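See below for the structure under consideration.
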Amino acid sequence: MRKQVTHRYTMRKFLSSVLWALLFCCCCRTSQAEIFTSISQMTDLIYTEKELVQSLRDYIKAEESKLAAVKSWANKLDAVTKVSTSDPEGYLAHPVNAYKLVKRLNTEWSELETLVLQNPSDGFISNMSTHRQYFPDEEDETGAAKALMRLQDTYQLDSEAFSRGKLPGMHSQALLTVDDCFDMGKTAYNEADYYHAVLWLQQALKQLDTGEEAEVPKSDILDYLSYSVYQMGDLPRAIELTRRLVAIDSSHERAGGNLRYFERLLTKQLNEMNQEYQPASEEPIQLGTYSRPKDHLPEREAYESLCRGEGLQLNDVRRSRLFCRYQDGNRNPRLLLKPMKEEDEWDSPHIVRYLEMLSDEEIEKIKELARPRLARATVRDPKTGVLTTANYRVSKSAWLEGEEDPIIERVNQRIQDITGLTVDTAELLQVANYGVGGQYEPHFDFSRKDEPDAFKRLGTGNRVATFLNYMTDVEAGGATVFPDFGAAIWPRKGTAVFWYNLFRSGEGDYRTRHAACPVLVGSKWVSNKWIHERGQEFRRPCGLTEVD
């Protein structure tokens with residue numbers, strides 16, 4: 001029994017040294033951050049983890065081999081000492097035994113010491129050190145957690161749906177444990193987002209109450225949950241949860257004080273309103289129990305409804321005005337033999353979709369060129385004009401020049417042929433890959449009057465039109481929506497959509513404010529071509545009125 005205790009202590013001490021080494025690697029690495037903003041870049045982590053698992057198995061094998069050698073030594077020496085200790089003088093009376101005792105203590109025990117001091121973890125730690133610099137960091141974990149909460153809000157999914165892997169259109173074994181749910185709740189709590197903290201901490205408590213094993217103690221869940229519920233203004237339930245906490249941990253440092261405070265506060269409120277005490281609702285906390293706080297986005301509700309496929313304004317009258325046709329680019333020689341298939345997606349403002357815009361070969365080449373250069377997508381600060389990252393745009397992008405590859409040049413030429421607009425003054429082809437819950441909240445592609453210098457350095461005027469290529473199908477979510485007039489356009493691989501951002505007068509069409517809905521399931525790749533005003537004077541001449 002003592003041997004087992006000693007062995008456990010040794011292993012615990014060894015594992016402690018491994019963890020300290022990993023911590024050192026973590027602290028010394030260069031932060032990569034924002035990995036969560038691109039699914040494409042996250043795929044590299046899958047192979048990294050596979051390599052680390054193999055490295056871990058190699059370490060275990062080496063550790064087992066070392067332990068087997070030590071056990072062999074122990075068994076051999078155990079047999080020798082049983083004989084020697086039974087009659088020490090008689091044992092040493094034989095000169096060979098005396099020689100071998102001296103030899104063992106001078107040489108063989110030193111060899112055993114060397115064996116024990118060997119560290120099979122060196123290879124594993126070295127491999128960890130190499131890969132650690134590419135690992136996600138705290139910012140990535142927080143970003144990924146917030147992404148799940150964003151998906152939860154947009155698609156009205158309760159915490160249990162995520163926890164059990166029950167997402168629309170798919171059932172998987174991607175389950176969240178009690179500890180996962182608790183960590184989600186803590187992330188929200190630390191951001192003072194008590195609405196989401198309550199949802200995830202309640203799910204952690206629910207799974208724990210069903211008998212699921214967890215490292216986090218129930219008292220910790222109740223502690224965070226009761227305070228979050230209090231912050232949501234539900235004093236009766238906060239009191240009930242705090243009483244549960246006191247019942248299982250009467251010495252908890254905060255629980256007693258919180259309970260007395262909550263009870264005094266509730267009594268005061270009831271007296272002021274001349275009401276009697278009503279016990280907390282026995283209904284479990286779920287999506288809809290508490291109102292979600294308002295945020296900066298005025299059209300939040302309309303935007304998210306469209307993302308779910310609700311609130312679409314495509315009625316029968318409007319649908320009767322939508323047609324499909326072959327588009328030859330006003331008899332463009334490159335489109336005469338194979339005109340583009342064009343479908344109306346919306347009548348006013350006119351939005352069209354082009355089928356078979358990109359081939360699979362072209363898509364793969366564009367992605368291949370973009371992958372090494374993907375960087376967090378930025379937005380222009382309307383006050384300063386400086387490009388910066390923002391929580392409402394979660395993706396990574398890269399810019400490709402036509403000279404880089406014949407395929408890019410060919411795609412640019414095709415866009416010009418189809419639209420009849422020159423791309424000589426257009427921006428480079430922007431390729432974007434959306435990450436976990438990737439989105440771009442409602443925005444304008446064109447520069448408004450309050451940001452006159454947005455495209456000044458380009459010297460090509462405002463963004464007159466947007467040409468958006470869908471380079472993947474998306475299993476769920478990821479629609480392009482227009483909250484102003486209630487349209488939703490769903491990604492279809494190889495197709496593209498096109499619309500004008502400006503009227504012929506050069507005035508902005510504010511109806512074109514649009515958004516990229518969060519990707520619920522799948523990986524979304526798109527490429528944009530923003531066409532500018534300069535060079536279009538004779539291709540799209542001014543109209544007679546401001547809104548022609």
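Simple scheme: letters A, B, ... for chains in structure tokens order, numbers from 1 for residues in each chain, numbers from 1 for ligands in the order shown.
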Could you pull out the residues in range 431-545 of chain A that DSSP calls strand (DSSP E) from the backbone, as a PyMOL selection string? chain A and resi 431-443+463-470+476-477+480-482+487-489+496-500+514-516+519-521+525-532
Skip Arg237 in chain A itself and residues of its chain fewer than 2 positions away, then list as a list in words all residues within 9 Å of it, counting only C-alpha atoms. Ser226, Val229, Tyr230, Asp234, Leu235, Ile239, Glu240, Leu241, Thr242, Pro279, Ala280, Ser281 and Glu282 of chain A
Got time to write the residues from that selection, N, CA and C atoms, as a short mmCIF file (atom, residue, chain, number, x, y, z; two decimals), in the first residue's frame?
```cif
data_model
loop_
_atom_site.label_atom_id
_atom_site.label_comp_id
_atom_site.auth_asym_id
_atom_site.auth_seq_id
_atom_site.Cartn_x
_atom_site.Cartn_y
_atom_site.Cartn_z
N SER A 226 -27.17 32.18 -8.95
CA SER A 226 -28.05 32.99 -8.08
C SER A 226 -27.77 34.48 -8.26
N VAL A 229 -29.10 35.62 -11.71
CA VAL A 229 -30.56 35.75 -11.67
C VAL A 229 -30.96 37.03 -10.94
N TYR A 230 -30.25 37.35 -9.86
CA TYR A 230 -30.48 38.61 -9.15
C TYR A 230 -30.27 39.79 -10.09
N ASP A 234 -34.80 39.03 -10.85
CA ASP A 234 -35.70 37.98 -10.34
C ASP A 234 -35.29 37.63 -8.91
N LEU A 235 -35.70 38.46 -7.96
CA LEU A 235 -35.29 38.26 -6.57
C LEU A 235 -35.81 36.96 -5.96
N ILE A 239 -33.30 34.20 -4.39
CA ILE A 239 -33.37 33.75 -2.99
C ILE A 239 -33.45 32.23 -2.92
N GLU A 240 -34.30 31.64 -3.76
CA GLU A 240 -34.48 30.17 -3.75
C GLU A 240 -33.17 29.47 -4.09
N LEU A 241 -32.44 29.99 -5.10
CA LEU A 241 -31.16 29.38 -5.50
C LEU A 241 -30.10 29.57 -4.42
N THR A 242 -30.10 30.72 -3.75
CA THR A 242 -29.12 30.97 -2.68
C THR A 242 -29.41 30.07 -1.48
N PRO A 279 -43.78 33.01 -3.92
CA PRO A 279 -42.59 32.16 -4.06
C PRO A 279 -42.10 32.14 -5.51
N ALA A 280 -40.86 31.77 -5.69
CA ALA A 280 -40.26 31.72 -7.02
C ALA A 280 -41.00 30.72 -7.89
N SER A 281 -41.05 31.02 -9.18
CA SER A 281 -41.70 30.12 -10.13
C SER A 281 -40.98 28.78 -10.15
N GLU A 282 -41.76 27.71 -10.21
CA GLU A 282 -41.17 26.37 -10.28
C GLU A 282 -40.80 25.98 -11.70
#
```
Nearest to Leu312 in chain A: which of A:Asp484, A:Asp44, A:Glu141, A:Asp58 is it, counting only C-alpha atoms?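 That would be A:Asp484, the residue with the smallest distance to Leu312 in chain A.
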Report, in Å to a single decimal, how far apart CA of Ile248 in chain A and CA of Phe162 in chain A are.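 About the pair CA of Phe162 in chain A and CA of Ile248 in chain A: they are 28.8 Å apart.
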Ser291 in chain A environment, 12 Å, only C-alpha atoms, sequence neighbours closer than 6 positions dropped, as a PyMOL selection string: chain A and resi 153+194-196+198-199+232-234+285
Take the selection from the previous step and output its residues with C-alpha atoms, as a JSON list (two decimals), in the first residue's frame.
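Written file, again_0.json:
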```
[["chain", "number", "residue", "atom", "x", "y", "z"],
["A", 153, "ASP", "CA", -29.95, 34.38, -30.05],
["A", 194, "TYR", "CA", -26.07, 38.01, -17.11],
["A", 195, "TYR", "CA", -28.77, 37.08, -19.64],
["A", 196, "HIS", "CA", -26.58, 34.42, -21.28],
["A", 198, "VAL", "CA", -28.27, 32.47, -16.57],
["A", 199, "LEU", "CA", -29.07, 30.30, -19.62],
["A", 232, "MET", "CA", -31.81, 39.90, -14.13],
["A", 233, "GLY", "CA", -34.18, 41.30, -11.50],
["A", 234, "ASP", "CA", -35.70, 37.98, -10.34],
["A", 285, "ILE", "CA", -35.26, 28.85, -16.56]]
```
